[in-house]
$ cat start.pdb   # PDB, C-alpha atoms
ATOM      1  CA  MET A   1     117.925 158.040 174.235
ATOM      2  CA  SER A   2     121.087 156.095 174.573
ATOM      3  CA  PRO A   3     122.473 154.151 171.582
ATOM      4  CA  ARG A   4     122.128 150.900 173.558
ATOM      5  CA  LEU A   5     118.405 151.462 174.287
ATOM      6  CA  ALA A   6     117.784 152.407 170.655
ATOM      7  CA  ARG A   7     119.355 149.160 169.486
ATOM      8  CA  THR A   8     117.244 147.153 171.956
ATOM      9  CA  LEU A   9     113.994 148.778 170.784
ATOM     10  CA  CYS A  10     114.937 148.173 167.144
ATOM     11  CA  ILE A  11     115.610 144.470 167.835
ATOM     12  CA  LEU A  12     112.273 144.102 169.670
ATOM     13  CA  GLY A  13     110.473 145.745 166.753
ATOM     14  CA  LEU A  14     112.035 143.363 164.260
ATOM     15  CA  LEU A  15     111.094 140.352 166.431
ATOM     16  CA  ALA A  16     107.483 141.527 166.605
ATOM     17  CA  VAL A  17     107.286 141.839 162.819
ATOM     18  CA  ALA A  18     108.829 138.377 162.371
ATOM     19  CA  MET A  19     106.405 136.762 164.825
ATOM     20  CA  ALA A  20     103.402 138.418 163.120
ATOM     21  CA  ALA A  21     104.547 137.102 159.744
ATOM     22  CA  GLN A  22     105.066 133.592 161.179
ATOM     23  CA  ALA A  23     101.617 133.627 162.784
ATOM     24  CA  GLN A  24     100.036 134.583 159.459
ATOM     25  CA  LEU A  25     101.971 131.869 157.622
ATOM     26  CA  PHE A  26     101.097 129.056 160.036
ATOM     27  CA  HIS A  27      97.668 130.383 161.041
ATOM     28  CA  PHE A  28      98.525 130.909 164.685
ATOM     29  CA  GLY A  29      95.965 132.631 166.797
ATOM     30  CA  PRO A  30      92.452 131.747 167.805
ATOM     31  CA  LYS A  31      90.964 128.769 165.988
ATOM     32  CA  PRO A  32      87.808 129.310 163.946
ATOM     33  CA  GLY A  33      84.613 128.186 165.582
ATOM     34  CA  PRO A  34      82.897 124.931 164.618
ATOM     35  CA  LYS A  35      81.121 124.864 161.283
ATOM     36  CA  PRO A  36      77.351 124.979 161.485
ATOM     37  CA  ALA A  37      75.836 121.510 161.403
ATOM     38  CA  GLN A  38      74.641 120.427 157.980
ATOM     39  CA  PRO A  39      71.111 119.054 157.776
ATOM     40  CA  VAL A  40      71.091 115.251 157.701
ATOM     41  CA  GLN A  41      69.751 113.907 154.418
ATOM     42  CA  PRO A  42      67.233 111.103 154.974
ATOM     43  CA  VAL A  43      68.231 107.708 153.622
ATOM     44  CA  ARG A  44      66.247 106.978 150.478
ATOM     45  CA  LYS A  45      64.429 103.676 150.277
ATOM     46  CA  ALA A  46      65.475 101.236 147.571
ATOM     47  CA  ASN A  47      62.154 101.538 145.766
ATOM     48  CA  GLU A  48      62.670 105.311 145.509
ATOM     49  CA  LEU A  49      65.941 104.763 143.645
ATOM     50  CA  ILE A  50      64.266 102.635 140.982
ATOM     51  CA  HIS A  51      63.336 104.483 137.819
ATOM     52  CA  ARG A  52      59.654 105.294 137.858
ATOM     53  CA  GLN A  53      58.173 104.285 134.517
ATOM     54  CA  GLU A  54      55.234 106.142 133.083
ATOM     55  CA  PRO A  55      52.082 103.993 133.177
ATOM     56  CA  LEU A  56      50.189 102.739 130.144
ATOM     57  CA  LYS A  57      48.996 105.569 127.902
ATOM     58  CA  ILE A  58      46.115 105.029 125.496
ATOM     59  CA  ASN A  59      45.072 107.185 122.559
ATOM     60  CA  GLN A  60      41.410 106.248 122.437
ATOM     61  CA  SER A  61      40.742 107.858 119.061
ATOM     62  CA  VAL A  62      43.508 105.786 117.444
ATOM     63  CA  LEU A  63      42.652 102.634 119.410
ATOM     64  CA  LYS A  64      39.092 102.778 118.035
ATOM     65  CA  GLN A  65      40.572 102.303 114.566
ATOM     66  CA  ALA A  66      42.591  99.227 115.604
ATOM     67  CA  THR A  67      41.762  95.807 114.211
ATOM     68  CA  PRO A  68      43.836  92.606 114.410
ATOM     69  CA  ASP A  69      44.633  93.100 110.732
ATOM     70  CA  SER A  70      45.762  96.725 111.021
ATOM     71  CA  VAL A  71      47.980  96.790 114.105
ATOM     72  CA  ARG A  72      51.642  96.067 114.749
ATOM     73  CA  ILE A  73      53.832  96.150 117.848
ATOM     74  CA  VAL A  74      57.102  98.063 118.269
ATOM     75  CA  VAL A  75      59.305  97.421 121.329
ATOM     76  CA  SER A  76      62.020  99.925 122.269
ATOM     77  CA  ILE A  77      64.827  98.388 124.315
ATOM     78  CA  PRO A  78      66.487 101.739 125.237
ATOM     79  CA  LYS A  79      63.200 103.385 126.231
ATOM     80  CA  GLN A  80      61.769 100.226 127.869
ATOM     81  CA  ARG A  81      58.426 100.876 126.167
ATOM     82  CA  ALA A  82      56.146  98.933 123.831
ATOM     83  CA  TRP A  83      53.846 100.621 121.345
ATOM     84  CA  LEU A  84      50.700  99.282 119.740
ATOM     85  CA  MET A  85      50.682 100.971 116.348
ATOM     86  CA  VAL A  86      47.943 101.615 113.812
ATOM     87  CA  GLY A  87      49.849 102.679 110.740
ATOM     88  CA  GLU A  88      52.265 105.336 112.011
ATOM     89  CA  GLU A  89      50.061 106.374 114.932
ATOM     90  CA  ILE A  90      50.432 105.104 118.497
ATOM     91  CA  ALA A  91      47.282 103.564 119.924
ATOM     92  CA  ALA A  92      48.900 102.441 123.202
ATOM     93  CA  ASP A  93      52.256 103.137 124.851
ATOM     94  CA  GLY A  94      53.152 100.848 127.755
ATOM     95  CA  PRO A  95      56.128 100.176 130.065
ATOM     96  CA  ILE A  96      58.131  96.973 129.695
ATOM     97  CA  SER A  97      61.111  95.155 131.168
ATOM     98  CA  SER A  98      63.283  93.381 128.618
ATOM     99  CA  GLY A  99      66.061  90.826 129.123
ATOM    100  CA  LYS A 100      68.855  91.586 131.560
ATOM    101  CA  ARG A 101      72.571  91.290 130.794
ATOM    102  CA  GLY A 102      73.380  87.744 129.790
ATOM    103  CA  HIS A 103      69.738  87.130 128.860
ATOM    104  CA  SER A 104      69.133  89.985 126.418
ATOM    105  CA  SER A 105      65.865  89.963 124.516
ATOM    106  CA  PRO A 106      66.343  89.049 120.857
ATOM    107  CA  THR A 107      66.020  91.992 118.490
ATOM    108  CA  GLY A 108      64.743  92.142 114.940
ATOM    109  CA  HIS A 109      61.501  91.506 113.118
ATOM    110  CA  PHE A 110      59.115  88.869 114.520
ATOM    111  CA  THR A 111      55.483  87.876 114.244
ATOM    112  CA  VAL A 112      53.142  86.626 116.955
ATOM    113  CA  MET A 113      53.461  82.846 116.728
ATOM    114  CA  GLU A 114      50.997  81.905 119.465
ATOM    115  CA  LYS A 115      48.492  83.485 121.831
ATOM    116  CA  ASP A 116      47.977  81.850 125.250
ATOM    117  CA  PRO A 117      46.019  83.654 127.977
ATOM    118  CA  ASN A 118      47.357  81.368 130.740
ATOM    119  CA  HIS A 119      50.802  80.327 129.584
ATOM    120  CA  HIS A 120      53.428  78.767 131.891
ATOM    121  CA  SER A 121      57.165  78.721 131.291
ATOM    122  CA  THR A 122      58.738  75.358 130.513
ATOM    123  CA  LEU A 123      62.159  76.625 131.589
ATOM    124  CA  TYR A 124      61.843  79.074 134.520
ATOM    125  CA  GLY A 125      59.779  78.623 137.658
ATOM    126  CA  ASP A 126      59.862  76.901 141.068
ATOM    127  CA  TYR A 127      60.358  73.456 142.525
ATOM    128  CA  VAL A 128      57.317  72.606 144.676
ATOM    129  CA  ASP A 129      56.396  69.609 146.804
ATOM    130  CA  SER A 130      53.268  67.457 146.591
ATOM    131  CA  SER A 131      51.279  69.922 148.719
ATOM    132  CA  GLY A 132      52.180  72.831 146.420
ATOM    133  CA  ARG A 133      54.651  74.415 148.846
ATOM    134  CA  THR A 134      57.563  76.140 147.107
ATOM    135  CA  VAL A 135      60.803  74.432 148.124
ATOM    136  CA  ARG A 136      63.112  76.284 145.764
ATOM    137  CA  ALA A 137      62.037  79.415 143.880
ATOM    138  CA  GLY A 138      63.369  81.102 140.761
ATOM    139  CA  VAL A 139      65.013  78.074 139.215
ATOM    140  CA  SER A 140      65.953  77.064 135.697
ATOM    141  CA  ALA A 141      64.753  73.568 134.837
ATOM    142  CA  ARG A 142      67.715  73.336 132.452
ATOM    143  CA  ILE A 143      70.346  74.068 135.111
ATOM    144  CA  ASP A 144      68.972  73.474 138.626
ATOM    145  CA  SER A 145      68.332  69.954 139.869
ATOM    146  CA  ALA A 146      65.092  69.215 141.671
ATOM    147  CA  PRO A 147      65.250  68.632 145.431
ATOM    148  CA  SER A 148      63.977  65.213 146.507
ATOM    149  CA  GLY A 149      60.183  64.961 146.471
ATOM    150  CA  THR A 150      59.611  68.064 144.348
ATOM    151  CA  HIS A 151      58.497  68.772 140.805
ATOM    152  CA  PHE A 152      58.937  71.730 138.474
ATOM    153  CA  GLN A 153      56.167  74.349 138.250
ATOM    154  CA  GLY A 154      56.617  76.848 135.427
ATOM    155  CA  ALA A 155      56.315  80.568 136.067
ATOM    156  CA  THR A 156      52.991  82.130 135.110
ATOM    157  CA  MET A 157      53.107  84.169 131.893
ATOM    158  CA  LYS A 158      49.563  85.490 131.560
ATOM    159  CA  TRP A 159      48.436  87.054 128.240
ATOM    160  CA  PHE A 160      51.399  85.443 126.488
ATOM    161  CA  LEU A 161      52.317  86.392 122.909
ATOM    162  CA  ARG A 162      55.037  84.040 121.612
ATOM    163  CA  LEU A 163      57.737  85.670 119.483
ATOM    164  CA  THR A 164      60.314  82.863 119.103
ATOM    165  CA  SER A 165      60.262  79.094 118.916
ATOM    166  CA  ASP A 166      62.418  78.827 122.051
ATOM    167  CA  GLY A 167      59.844  80.539 124.249
ATOM    168  CA  VAL A 168      60.551  84.286 124.199
ATOM    169  CA  GLY A 169      57.363  86.307 124.260
ATOM    170  CA  MET A 170      55.422  89.208 125.744
ATOM    171  CA  HIS A 171      53.443  88.708 128.956
ATOM    172  CA  ILE A 172      52.569  90.118 132.381
ATOM    173  CA  GLY A 173      55.569  90.493 134.681
ATOM    174  CA  ILE A 174      57.361  92.572 137.292
ATOM    175  CA  LEU A 175      58.526  95.959 135.978
ATOM    176  CA  PRO A 176      61.400  97.268 138.147
ATOM    177  CA  GLY A 177      62.216 100.104 135.738
ATOM    178  CA  TYR A 178      65.141  98.433 133.959
ATOM    179  CA  PRO A 179      65.889  95.255 131.936
ATOM    180  CA  ALA A 180      65.404  92.352 134.361
ATOM    181  CA  SER A 181      63.861  89.359 132.584
ATOM    182  CA  HIS A 182      65.410  86.180 131.199
ATOM    183  CA  GLY A 183      64.691  87.373 127.664
ATOM    184  CA  CYS A 184      60.940  87.893 127.504
ATOM    185  CA  ILE A 185      59.258  91.279 127.220
ATOM    186  CA  ARG A 186      57.440  91.843 130.511
ATOM    187  CA  GLU A 187      54.404  94.123 130.500
ATOM    188  CA  SER A 188      52.067  95.686 133.023
ATOM    189  CA  VAL A 189      48.790  93.936 133.789
ATOM    190  CA  ASP A 190      46.643  96.396 131.835
ATOM    191  CA  GLY A 191      49.178  96.728 129.023
ATOM    192  CA  ALA A 192      49.558  92.986 128.455
ATOM    193  CA  LYS A 193      45.774  92.500 128.279
ATOM    194  CA  LEU A 194      45.286  95.390 125.855
ATOM    195  CA  PHE A 195      48.050  94.219 123.515
ATOM    196  CA  TYR A 196      46.783  90.628 123.704
ATOM    197  CA  ASP A 197      43.213  91.618 122.855
ATOM    198  CA  ASN A 198      44.176  93.697 119.833
ATOM    199  CA  VAL A 199      46.595  91.406 117.990
ATOM    200  CA  LYS A 200      46.356  88.071 116.222
ATOM    201  CA  VAL A 201      48.712  85.223 115.346
ATOM    202  CA  GLY A 202      50.777  86.746 112.557
ATOM    203  CA  THR A 203      50.831  90.343 113.887
ATOM    204  CA  PRO A 204      54.240  91.955 113.151
ATOM    205  CA  VAL A 205      56.470  92.746 116.152
ATOM    206  CA  ASP A 206      59.671  94.775 115.844
ATOM    207  CA  VAL A 207      62.126  94.767 118.759
ATOM    208  CA  GLY A 208      65.185  96.997 118.771
ATOM    209  CA  ASP A 209      66.800 100.373 119.480
ATOM    210  CA  TYR A 210      63.830 102.571 118.600
TER     211      TYR A 210
END
$ encode --input "start.pdb" --output "structure tokens"
Amino acid sequence: MSPRLARTLCILGLLAVAMAAQAQLFHFGPKPGPKPAQPVQPVRKANELIHRQEPLKINQSVLKQATPDSVRIVVSIPKQRAWLMVGEEIAADGPISSGKRGHSSPTGHFTVMEKDPNHHSTLYGDYVDSSGRTVRAGVSARIDSAPSGTHFQGATMKWFLRLTSDGVGMHIGILPGYPASHGCIRESVDGAKLFYDNVKVGTPVDVGDY
């Protein structure tokens, strides 16, 4: 082999090595195939995103011992539960919805000041016309002015147990799974009735971080 041919082959070899290194560095060569399609996750409905609260639980053996003179109520804001207690035993454990931000439920020690099976709010409700048709819903009588020809109709608060002089109490209401009221302690239909039936005016009620 002539010296000139040897030099040519050496140069070609070096170029091949350099091109291979460059291809590895910049990922030249055939492109990878498309990634396999990922399964499409179904869109969850809004009501599926809401925390599902456990329904009312009743300890019948303890509830049988309950009298209006022996029971007390404990409301847990963090757990969003209310307990009907006989001594240190739980007779009933029900879901609640306490006051939302800006309208937090008052905490501390209270007593039932009033029992009203068909109470209506004097502050929150709807403006309705003379035929009973709702013209403006979800209003505050303290803030919202009445449209012409309407009057205020207070929101229904069935099985109401008054806790404060300014109207905060326990009653039936919507339970979305988080604090949502204007300060009252909302209860389920069956829970509100059971608590109402087993307490009296003067029953102790503790509301707080239990």
$ closest_residue --input "start.pdb" --among "A:Gly191, A:Gly202, A:Gly208, A:Gly173" --to "Gly94 in chain A" --atoms "all atoms listed in the file"
A:Gly191
$ atom_distance --input "start.pdb" --atom1 "CA of Lys57 in chain A" --atom2 "CA of Pro176 in chain A"
18.1 Å
$ residues_around --input "start.pdb" --residues "His120 in chain A" --least-positions-apart "4" --cutoff "6 Å" --atoms "only C-alpha atoms" --output "list of chain:residue names"
A:Gly154, A:Ala155, A:Thr156, A:Met157
$ write_last_selection --input "start.pdb" --atoms "C-alpha atoms" --output "mmCIF file, in the frame of the given file"
data_model
loop_
_atom_site.group_PDB
_atom_site.id
_atom_site.type_symbol
_atom_site.label_atom_id
_atom_site.label_comp_id
_atom_site.auth_asym_id
_atom_site.auth_seq_id
_atom_site.Cartn_x
_atom_site.Cartn_y
_atom_site.Cartn_z
ATOM 1 C CA GLY A 154 56.617 76.848 135.427
ATOM 2 C CA ALA A 155 56.315 80.568 136.067
ATOM 3 C CA THR A 156 52.991 82.130 135.110
ATOM 4 C CA MET A 157 53.107 84.169 131.893
#
$ residues_around --input "start.pdb" --residues "Gly102 in chain A" --least-positions-apart "2" --cutoff "9 Å" --atoms "only C-alpha atoms" --output "NGL selection string"
:A and (99-100 or 104 or 182-183)
$ resolve_selection --input "start.pdb" --expression "the PyMOL selection byres ((chain A and resi 72) around 10)" --output "PDB file with C-alpha atoms, keeping the file's coordinate frame"
ATOM      1  CA  ALA A  66      42.591  99.227 115.604  1.00  0.00           C
ATOM      2  CA  THR A  67      41.762  95.807 114.211  1.00  0.00           C
ATOM      3  CA  PRO A  68      43.836  92.606 114.410  1.00  0.00           C
ATOM      4  CA  ASP A  69      44.633  93.100 110.732  1.00  0.00           C
ATOM      5  CA  SER A  70      45.762  96.725 111.021  1.00  0.00           C
ATOM      6  CA  VAL A  71      47.980  96.790 114.105  1.00  0.00           C
ATOM      7  CA  ILE A  73      53.832  96.150 117.848  1.00  0.00           C
ATOM      8  CA  VAL A  74      57.102  98.063 118.269  1.00  0.00           C
ATOM      9  CA  TRP A  83      53.846 100.621 121.345  1.00  0.00           C
ATOM     10  CA  LEU A  84      50.700  99.282 119.740  1.00  0.00           C
ATOM     11  CA  MET A  85      50.682 100.971 116.348  1.00  0.00           C
ATOM     12  CA  VAL A  86      47.943 101.615 113.812  1.00  0.00           C
ATOM     13  CA  GLY A  87      49.849 102.679 110.740  1.00  0.00           C
ATOM     14  CA  GLU A  88      52.265 105.336 112.011  1.00  0.00           C
ATOM     15  CA  ILE A  90      50.432 105.104 118.497  1.00  0.00           C
ATOM     16  CA  THR A 111      55.483  87.876 114.244  1.00  0.00           C
ATOM     17  CA  VAL A 112      53.142  86.626 116.955  1.00  0.00           C
ATOM     18  CA  PHE A 195      48.050  94.219 123.515  1.00  0.00           C
ATOM     19  CA  ASN A 198      44.176  93.697 119.833  1.00  0.00           C
ATOM     20  CA  VAL A 199      46.595  91.406 117.990  1.00  0.00           C
ATOM     21  CA  LYS A 200      46.356  88.071 116.222  1.00  0.00           C
ATOM     22  CA  GLY A 202      50.777  86.746 112.557  1.00  0.00           C
ATOM     23  CA  THR A 203      50.831  90.343 113.887  1.00  0.00           C
ATOM     24  CA  PRO A 204      54.240  91.955 113.151  1.00  0.00           C
ATOM     25  CA  VAL A 205      56.470  92.746 116.152  1.00  0.00           C
ATOM     26  CA  ASP A 206      59.671  94.775 115.844  1.00  0.00           C
TER      27      ASP A 206
END
$ atom_distance --input "start.pdb" --atom1 "CA of Asp116 in chain A" --atom2 "CA of Thr164 in chain A"
13.8 Å
$ resolve_selection --input "start.pdb" --expression "the PyMOL selection byres ((chain A and resi 186) around 10)" --output "ChimeraX atom specification"
/A:80,82,95-99,157,160,169-175,179-185,187-189,191-192
$ atom_distance --input "start.pdb" --atom1 "CA of Glu114 in chain A" --atom2 "CA of Val201 in chain A"
5.8 Å
